[in-house]
$ cat run.cif   # mmCIF, N, CA and C atoms
data_target
loop_
_atom_site.label_atom_id
_atom_site.label_comp_id
_atom_site.auth_asym_id
_atom_site.auth_seq_id
_atom_site.Cartn_x
_atom_site.Cartn_y
_atom_site.Cartn_z
N MET A 811 -12.99 -25.31 30.16
CA MET A 811 -12.04 -24.50 30.87
C MET A 811 -12.06 -23.10 30.25
N ARG A 812 -12.02 -22.08 31.05
CA ARG A 812 -12.06 -20.71 30.55
C ARG A 812 -10.70 -20.06 30.75
N LYS A 813 -10.31 -19.29 29.71
CA LYS A 813 -9.07 -18.54 29.81
C LYS A 813 -9.38 -17.07 29.61
N ARG A 814 -8.58 -16.26 30.18
CA ARG A 814 -8.76 -14.82 30.01
C ARG A 814 -8.22 -14.43 28.63
N ALA A 815 -8.93 -13.53 27.98
CA ALA A 815 -8.53 -13.10 26.65
C ALA A 815 -7.20 -12.37 26.69
N ALA A 816 -6.36 -12.69 25.73
CA ALA A 816 -5.08 -12.00 25.62
C ALA A 816 -5.27 -10.75 24.76
N LYS A 817 -4.21 -10.27 24.17
CA LYS A 817 -4.30 -9.10 23.32
C LYS A 817 -4.72 -9.52 21.91
N ILE A 818 -5.69 -8.81 21.38
CA ILE A 818 -6.21 -9.11 20.05
C ILE A 818 -5.83 -7.96 19.14
N ILE A 819 -5.33 -8.26 17.95
CA ILE A 819 -4.96 -7.23 17.00
C ILE A 819 -6.12 -6.99 16.07
N SER A 820 -6.49 -5.75 15.92
CA SER A 820 -7.62 -5.38 15.08
C SER A 820 -7.29 -5.62 13.61
N VAL A 821 -8.20 -6.21 12.87
CA VAL A 821 -7.99 -6.50 11.46
C VAL A 821 -8.05 -5.23 10.63
N THR A 822 -8.69 -4.21 11.11
CA THR A 822 -8.82 -2.97 10.34
C THR A 822 -7.50 -2.23 10.20
N SER A 823 -6.47 -2.61 10.93
CA SER A 823 -5.19 -1.94 10.82
C SER A 823 -4.21 -2.67 9.90
N VAL A 824 -4.70 -3.62 9.12
CA VAL A 824 -3.86 -4.36 8.20
C VAL A 824 -3.53 -3.48 7.00
N ARG A 825 -2.34 -3.70 6.41
CA ARG A 825 -1.94 -2.91 5.24
C ARG A 825 -2.87 -3.18 4.07
N ARG A 826 -2.80 -2.28 3.08
CA ARG A 826 -3.62 -2.44 1.88
C ARG A 826 -3.21 -3.70 1.13
N ALA A 827 -4.13 -4.23 0.36
CA ALA A 827 -3.85 -5.41 -0.44
C ALA A 827 -2.82 -5.07 -1.52
N LEU A 828 -2.06 -6.08 -1.96
CA LEU A 828 -1.03 -5.87 -2.96
C LEU A 828 -1.62 -5.34 -4.26
N ASP A 829 -2.77 -5.85 -4.68
CA ASP A 829 -3.41 -5.37 -5.91
C ASP A 829 -3.75 -3.89 -5.82
N GLU A 830 -4.28 -3.48 -4.68
CA GLU A 830 -4.61 -2.06 -4.48
C GLU A 830 -3.35 -1.20 -4.48
N ASP A 831 -2.28 -1.71 -3.88
CA ASP A 831 -1.03 -0.96 -3.83
C ASP A 831 -0.45 -0.78 -5.22
N ILE A 832 -0.44 -1.84 -6.01
CA ILE A 832 0.07 -1.76 -7.38
C ILE A 832 -0.77 -0.81 -8.22
N LYS A 833 -2.08 -0.88 -8.05
CA LYS A 833 -2.96 0.02 -8.79
C LYS A 833 -2.68 1.47 -8.43
N GLY A 834 -2.52 1.76 -7.15
CA GLY A 834 -2.23 3.13 -6.71
C GLY A 834 -0.90 3.63 -7.25
N ARG A 835 0.14 2.77 -7.23
CA ARG A 835 1.43 3.18 -7.76
C ARG A 835 1.37 3.40 -9.26
N SER A 836 0.62 2.57 -9.97
CA SER A 836 0.47 2.74 -11.42
C SER A 836 -0.24 4.05 -11.74
N GLN A 837 -1.24 4.39 -10.96
CA GLN A 837 -1.96 5.65 -11.19
C GLN A 837 -1.06 6.85 -10.93
N ARG A 838 -0.23 6.80 -9.87
CA ARG A 838 0.69 7.90 -9.59
C ARG A 838 1.71 8.05 -10.72
N TYR A 839 2.21 6.92 -11.23
CA TYR A 839 3.18 6.97 -12.32
C TYR A 839 2.54 7.53 -13.58
N LEU A 840 1.32 7.10 -13.90
CA LEU A 840 0.61 7.61 -15.07
C LEU A 840 0.39 9.11 -14.95
N PHE A 841 -0.02 9.58 -13.78
CA PHE A 841 -0.22 11.01 -13.56
C PHE A 841 1.09 11.77 -13.79
N SER A 842 2.21 11.24 -13.29
CA SER A 842 3.51 11.89 -13.48
C SER A 842 3.88 11.97 -14.95
N MET A 843 3.59 10.91 -15.69
CA MET A 843 3.92 10.92 -17.12
C MET A 843 3.02 11.88 -17.90
N ILE A 844 1.80 12.06 -17.47
CA ILE A 844 0.91 13.04 -18.11
C ILE A 844 1.45 14.44 -17.87
N VAL A 845 1.87 14.72 -16.65
CA VAL A 845 2.46 16.03 -16.33
C VAL A 845 3.72 16.24 -17.15
N ARG A 846 4.54 15.22 -17.29
CA ARG A 846 5.77 15.32 -18.08
C ARG A 846 5.44 15.63 -19.54
N THR A 847 4.42 14.97 -20.08
CA THR A 847 4.02 15.23 -21.46
C THR A 847 3.57 16.67 -21.64
N ILE A 848 2.85 17.18 -20.65
CA ILE A 848 2.40 18.59 -20.71
C ILE A 848 3.62 19.52 -20.73
N PHE A 849 4.61 19.25 -19.88
CA PHE A 849 5.82 20.09 -19.88
C PHE A 849 6.54 19.99 -21.23
N PHE A 850 6.60 18.81 -21.79
CA PHE A 850 7.27 18.64 -23.09
C PHE A 850 6.55 19.43 -24.19
N ILE A 851 5.24 19.38 -24.18
CA ILE A 851 4.45 20.15 -25.15
C ILE A 851 4.66 21.65 -24.93
N LEU A 852 4.74 22.08 -23.69
CA LEU A 852 5.00 23.49 -23.40
C LEU A 852 6.36 23.94 -23.92
N VAL A 853 7.35 23.03 -23.88
CA VAL A 853 8.67 23.36 -24.43
C VAL A 853 8.54 23.70 -25.92
N ILE A 854 7.70 22.99 -26.63
CA ILE A 854 7.52 23.20 -28.06
C ILE A 854 6.69 24.46 -28.33
N ILE A 855 5.67 24.70 -27.53
CA ILE A 855 4.73 25.78 -27.81
C ILE A 855 5.21 27.15 -27.33
N VAL A 856 5.80 27.24 -26.15
CA VAL A 856 6.16 28.52 -25.54
C VAL A 856 7.30 29.18 -26.33
N PRO A 857 7.16 30.46 -26.67
CA PRO A 857 8.21 31.14 -27.45
C PRO A 857 9.40 31.63 -26.61
N SER A 858 9.22 31.80 -25.32
CA SER A 858 10.27 32.36 -24.46
C SER A 858 11.33 31.30 -24.13
N TRP A 859 12.61 31.62 -24.42
CA TRP A 859 13.68 30.65 -24.18
C TRP A 859 13.88 30.32 -22.70
N PRO A 860 13.82 31.27 -21.80
CA PRO A 860 13.99 30.88 -20.39
C PRO A 860 12.90 29.90 -19.92
N LEU A 861 11.66 30.13 -20.37
CA LEU A 861 10.59 29.19 -19.99
C LEU A 861 10.79 27.84 -20.65
N LYS A 862 11.27 27.83 -21.89
CA LYS A 862 11.55 26.56 -22.57
C LYS A 862 12.57 25.74 -21.78
N ILE A 863 13.60 26.42 -21.28
CA ILE A 863 14.64 25.73 -20.52
C ILE A 863 14.06 25.17 -19.22
N VAL A 864 13.25 25.97 -18.52
CA VAL A 864 12.64 25.51 -17.26
C VAL A 864 11.72 24.32 -17.52
N PHE A 865 10.85 24.43 -18.52
CA PHE A 865 9.94 23.33 -18.84
C PHE A 865 10.71 22.09 -19.29
N GLY A 866 11.80 22.31 -20.03
CA GLY A 866 12.64 21.18 -20.47
C GLY A 866 13.29 20.47 -19.30
N ILE A 867 13.76 21.22 -18.33
CA ILE A 867 14.37 20.61 -17.15
C ILE A 867 13.34 19.77 -16.40
N PHE A 868 12.12 20.33 -16.24
CA PHE A 868 11.06 19.55 -15.57
C PHE A 868 10.72 18.30 -16.37
N ALA A 869 10.67 18.41 -17.70
CA ALA A 869 10.33 17.26 -18.54
C ALA A 869 11.40 16.17 -18.43
N VAL A 870 12.64 16.54 -18.16
CA VAL A 870 13.72 15.57 -18.03
C VAL A 870 13.76 14.97 -16.62
N ILE A 871 13.48 15.77 -15.60
CA ILE A 871 13.59 15.31 -14.20
C ILE A 871 12.38 14.48 -13.77
N ILE A 872 11.20 14.81 -14.24
CA ILE A 872 9.98 14.14 -13.76
C ILE A 872 10.00 12.61 -13.94
N PRO A 873 10.50 12.05 -15.07
CA PRO A 873 10.51 10.58 -15.17
C PRO A 873 11.32 9.90 -14.07
N ALA A 874 12.47 10.46 -13.72
CA ALA A 874 13.29 9.86 -12.67
C ALA A 874 12.56 9.91 -11.32
N VAL A 875 11.94 11.03 -11.04
CA VAL A 875 11.19 11.17 -9.79
C VAL A 875 9.99 10.22 -9.79
N ALA A 876 9.32 10.11 -10.93
CA ALA A 876 8.15 9.23 -11.02
C ALA A 876 8.52 7.77 -10.78
N VAL A 877 9.65 7.35 -11.31
CA VAL A 877 10.09 5.96 -11.09
C VAL A 877 10.44 5.74 -9.63
N LEU A 878 11.11 6.70 -9.02
CA LEU A 878 11.44 6.56 -7.60
C LEU A 878 10.18 6.49 -6.75
N VAL A 879 9.20 7.31 -7.06
CA VAL A 879 7.96 7.32 -6.28
C VAL A 879 7.19 6.02 -6.51
N ALA A 880 7.14 5.56 -7.77
CA ALA A 880 6.38 4.35 -8.07
C ALA A 880 7.01 3.10 -7.46
N ASN A 881 8.34 3.07 -7.37
CA ASN A 881 9.03 1.89 -6.85
C ASN A 881 9.41 2.05 -5.38
N ALA A 882 8.82 3.00 -4.70
CA ALA A 882 9.18 3.26 -3.31
C ALA A 882 8.82 2.11 -2.39
N GLY A 883 7.97 1.21 -2.83
CA GLY A 883 7.58 0.09 -1.99
C GLY A 883 6.18 0.26 -1.45
N ARG A 884 5.75 -0.76 -0.77
CA ARG A 884 4.39 -0.73 -0.24
C ARG A 884 4.29 0.30 0.87
N GLU A 885 3.16 0.98 0.85
CA GLU A 885 2.92 1.96 1.89
C GLU A 885 2.56 1.23 3.18
N LYS A 886 3.11 1.72 4.26
CA LYS A 886 2.79 1.11 5.55
C LYS A 886 1.47 1.66 6.05
N GLY A 887 0.67 0.78 6.55
CA GLY A 887 -0.59 1.20 7.14
C GLY A 887 -0.35 1.71 8.55
N PRO A 888 -1.39 2.11 9.22
CA PRO A 888 -1.22 2.54 10.61
C PRO A 888 -0.78 1.37 11.48
N ALA A 889 -0.17 1.69 12.57
CA ALA A 889 0.29 0.65 13.48
C ALA A 889 -0.89 -0.18 13.97
N PRO A 890 -0.68 -1.49 14.16
CA PRO A 890 -1.78 -2.33 14.64
C PRO A 890 -2.32 -1.82 15.97
N ILE A 891 -3.61 -1.92 16.11
CA ILE A 891 -4.27 -1.47 17.33
C ILE A 891 -4.49 -2.69 18.22
N ARG A 892 -4.02 -2.59 19.41
CA ARG A 892 -4.23 -3.70 20.34
C ARG A 892 -5.53 -3.46 21.09
N VAL A 893 -6.36 -4.47 21.09
CA VAL A 893 -7.67 -4.35 21.72
C VAL A 893 -7.70 -5.28 22.93
N GLU A 894 -7.96 -4.70 24.03
CA GLU A 894 -8.10 -5.51 25.24
C GLU A 894 -9.55 -5.93 25.35
N GLN A 895 -9.76 -7.20 25.42
CA GLN A 895 -11.12 -7.70 25.53
C GLN A 895 -11.25 -8.38 26.89
N HIS A 896 -12.10 -7.82 27.69
CA HIS A 896 -12.29 -8.39 29.01
C HIS A 896 -13.40 -9.43 28.94
N GLY A 897 -13.17 -10.51 29.54
CA GLY A 897 -14.15 -11.58 29.52
C GLY A 897 -13.41 -12.89 29.35
N ALA A 898 -14.16 -13.91 29.06
CA ALA A 898 -13.55 -15.22 28.96
C ALA A 898 -13.73 -15.78 27.55
N ILE A 899 -12.77 -16.57 27.16
CA ILE A 899 -12.85 -17.28 25.88
C ILE A 899 -13.05 -18.75 26.21
N GLU A 900 -14.02 -19.32 25.58
CA GLU A 900 -14.26 -20.73 25.84
C GLU A 900 -13.35 -21.56 24.95
N ARG A 901 -12.80 -22.57 25.51
CA ARG A 901 -11.92 -23.45 24.78
C ARG A 901 -12.74 -24.54 24.10
N TYR A 902 -12.46 -24.78 22.83
CA TYR A 902 -13.19 -25.81 22.09
C TYR A 902 -12.61 -27.17 22.42
N GLU A 903 -13.46 -28.02 22.85
CA GLU A 903 -13.06 -29.40 23.13
C GLU A 903 -13.64 -30.28 22.03
N GLY A 904 -12.81 -30.72 21.12
CA GLY A 904 -13.26 -31.56 20.01
C GLY A 904 -13.53 -32.98 20.48
N PRO A 905 -13.98 -33.81 19.55
CA PRO A 905 -14.24 -35.20 19.93
C PRO A 905 -12.95 -35.90 20.33
N THR A 906 -13.07 -36.80 21.27
CA THR A 906 -11.91 -37.54 21.73
C THR A 906 -11.69 -38.72 20.79
N LEU A 907 -10.46 -38.84 20.31
CA LEU A 907 -10.12 -39.92 19.38
C LEU A 907 -9.25 -40.94 20.09
N GLY A 908 -9.49 -42.17 19.75
CA GLY A 908 -8.66 -43.23 20.29
C GLY A 908 -7.41 -43.39 19.44
N GLU A 909 -6.57 -44.32 19.84
CA GLU A 909 -5.32 -44.56 19.12
C GLU A 909 -5.62 -45.11 17.73
N GLY A 910 -5.01 -44.53 16.68
CA GLY A 910 -5.22 -44.98 15.32
C GLY A 910 -6.46 -44.41 14.65
N GLU A 911 -7.25 -43.60 15.34
CA GLU A 911 -8.45 -43.02 14.75
C GLU A 911 -8.12 -41.63 14.21
N PHE A 912 -8.86 -41.22 13.20
CA PHE A 912 -8.70 -39.88 12.66
C PHE A 912 -10.03 -39.38 12.14
N LEU A 913 -10.15 -38.07 12.04
CA LEU A 913 -11.38 -37.44 11.53
C LEU A 913 -11.31 -37.34 10.01
N ARG A 914 -12.46 -37.49 9.38
CA ARG A 914 -12.53 -37.29 7.93
C ARG A 914 -13.33 -36.07 7.65
#
$ encode --input "run.cif" --output "structure tokens"
Amino acid sequence: MRKRAAKIISVTSVRRALDEDIKGRSQRYLFSMIVRTIFFILVIIVPSWPLKIVFGIFAVIIPAVAVLVANAGREKGPAPIRVEQHGAIERYEGPTLGEGEFLR
């Protein structure tokens, strides 16, 4: 018996794997902490007090922002793409089993 194909969702629109997502978030957090360390070092090195204050504020604010960005959750992928497939799908007819029989 043949049936008309329904809507098929493309596999390429699936979200990223959890391992990839965690790796990406870890890299973003590490990058933020490196930038924070640079600002902290600039606070020590720069002789100008107004710049020390600005760099100090950034060094204090960046960790909170980095945590919020890292824990923002999984990124959503693009919306699933519906693919219309014209044609017929053949239905699989398995072996006929009698009462009390089962496949191994």
$ residues_around --input "run.cif" --residues "Ile855 of chain A" --least-positions-apart "6" --cutoff "12 Å" --atoms "only C-alpha atoms" --output "tab-separated table (two decimals) with N, CA and C atoms, keeping the file's coordinate frame"
chain	number	residue	atom	x	y	z
A	848	ILE	N	2.85	17.18	-20.65
A	848	ILE	CA	2.40	18.59	-20.71
A	848	ILE	C	3.62	19.52	-20.73
A	849	PHE	N	4.61	19.25	-19.88
A	849	PHE	CA	5.82	20.09	-19.88
A	849	PHE	C	6.54	19.99	-21.23
A	861	LEU	N	11.66	30.13	-20.37
A	861	LEU	CA	10.59	29.19	-19.99
A	861	LEU	C	10.79	27.84	-20.65
A	862	LYS	N	11.27	27.83	-21.89
A	862	LYS	CA	11.55	26.56	-22.57
A	862	LYS	C	12.57	25.74	-21.78
A	865	PHE	N	10.85	24.43	-18.52
A	865	PHE	CA	9.94	23.33	-18.84
A	865	PHE	C	10.71	22.09	-19.29
A	866	GLY	N	11.80	22.31	-20.03
A	866	GLY	CA	12.64	21.18	-20.47
A	866	GLY	C	13.29	20.47	-19.30
$ select_by_dssp --input "run.cif" --residues "segment 817-865 of chain A" --states "alpha helix (DSSP H)" --output "VMD selection string"
chain A and resid 828 to 855 859 to 865
$ atom_distance --input "run.cif" --atom1 "atom C of Thr847 of chain A" --atom2 "atom C of Pro860 of chain A"
16.3 Å
$ atom_distance --input "run.cif" --atom1 "atom CA of Val845 of chain A" --atom2 "atom N of Pro857 of chain A"
18.4 Å
$ atom_distance --input "run.cif" --atom1 "atom N of Ile867 of chain A" --atom2 "atom N of Arg835 of chain A"
25.5 Å
$ resolve_selection --input "run.cif" --expression "the PyMOL selection byres (((chain A and resi 872 and name CA) around 12) and name CA)" --output "list in words"
Arg838, Tyr839, Leu840, Phe841, Ser842, Met843, Ile844, Val845, Arg846, Thr847, Ile848, Phe849, Phe850, Phe865, Gly866, Ile867, Phe868, Ala869, Val870, Ile871, Pro873, Ala874, Val875, Ala876, Val877, Leu878, Val879 and Ala880 of chain A
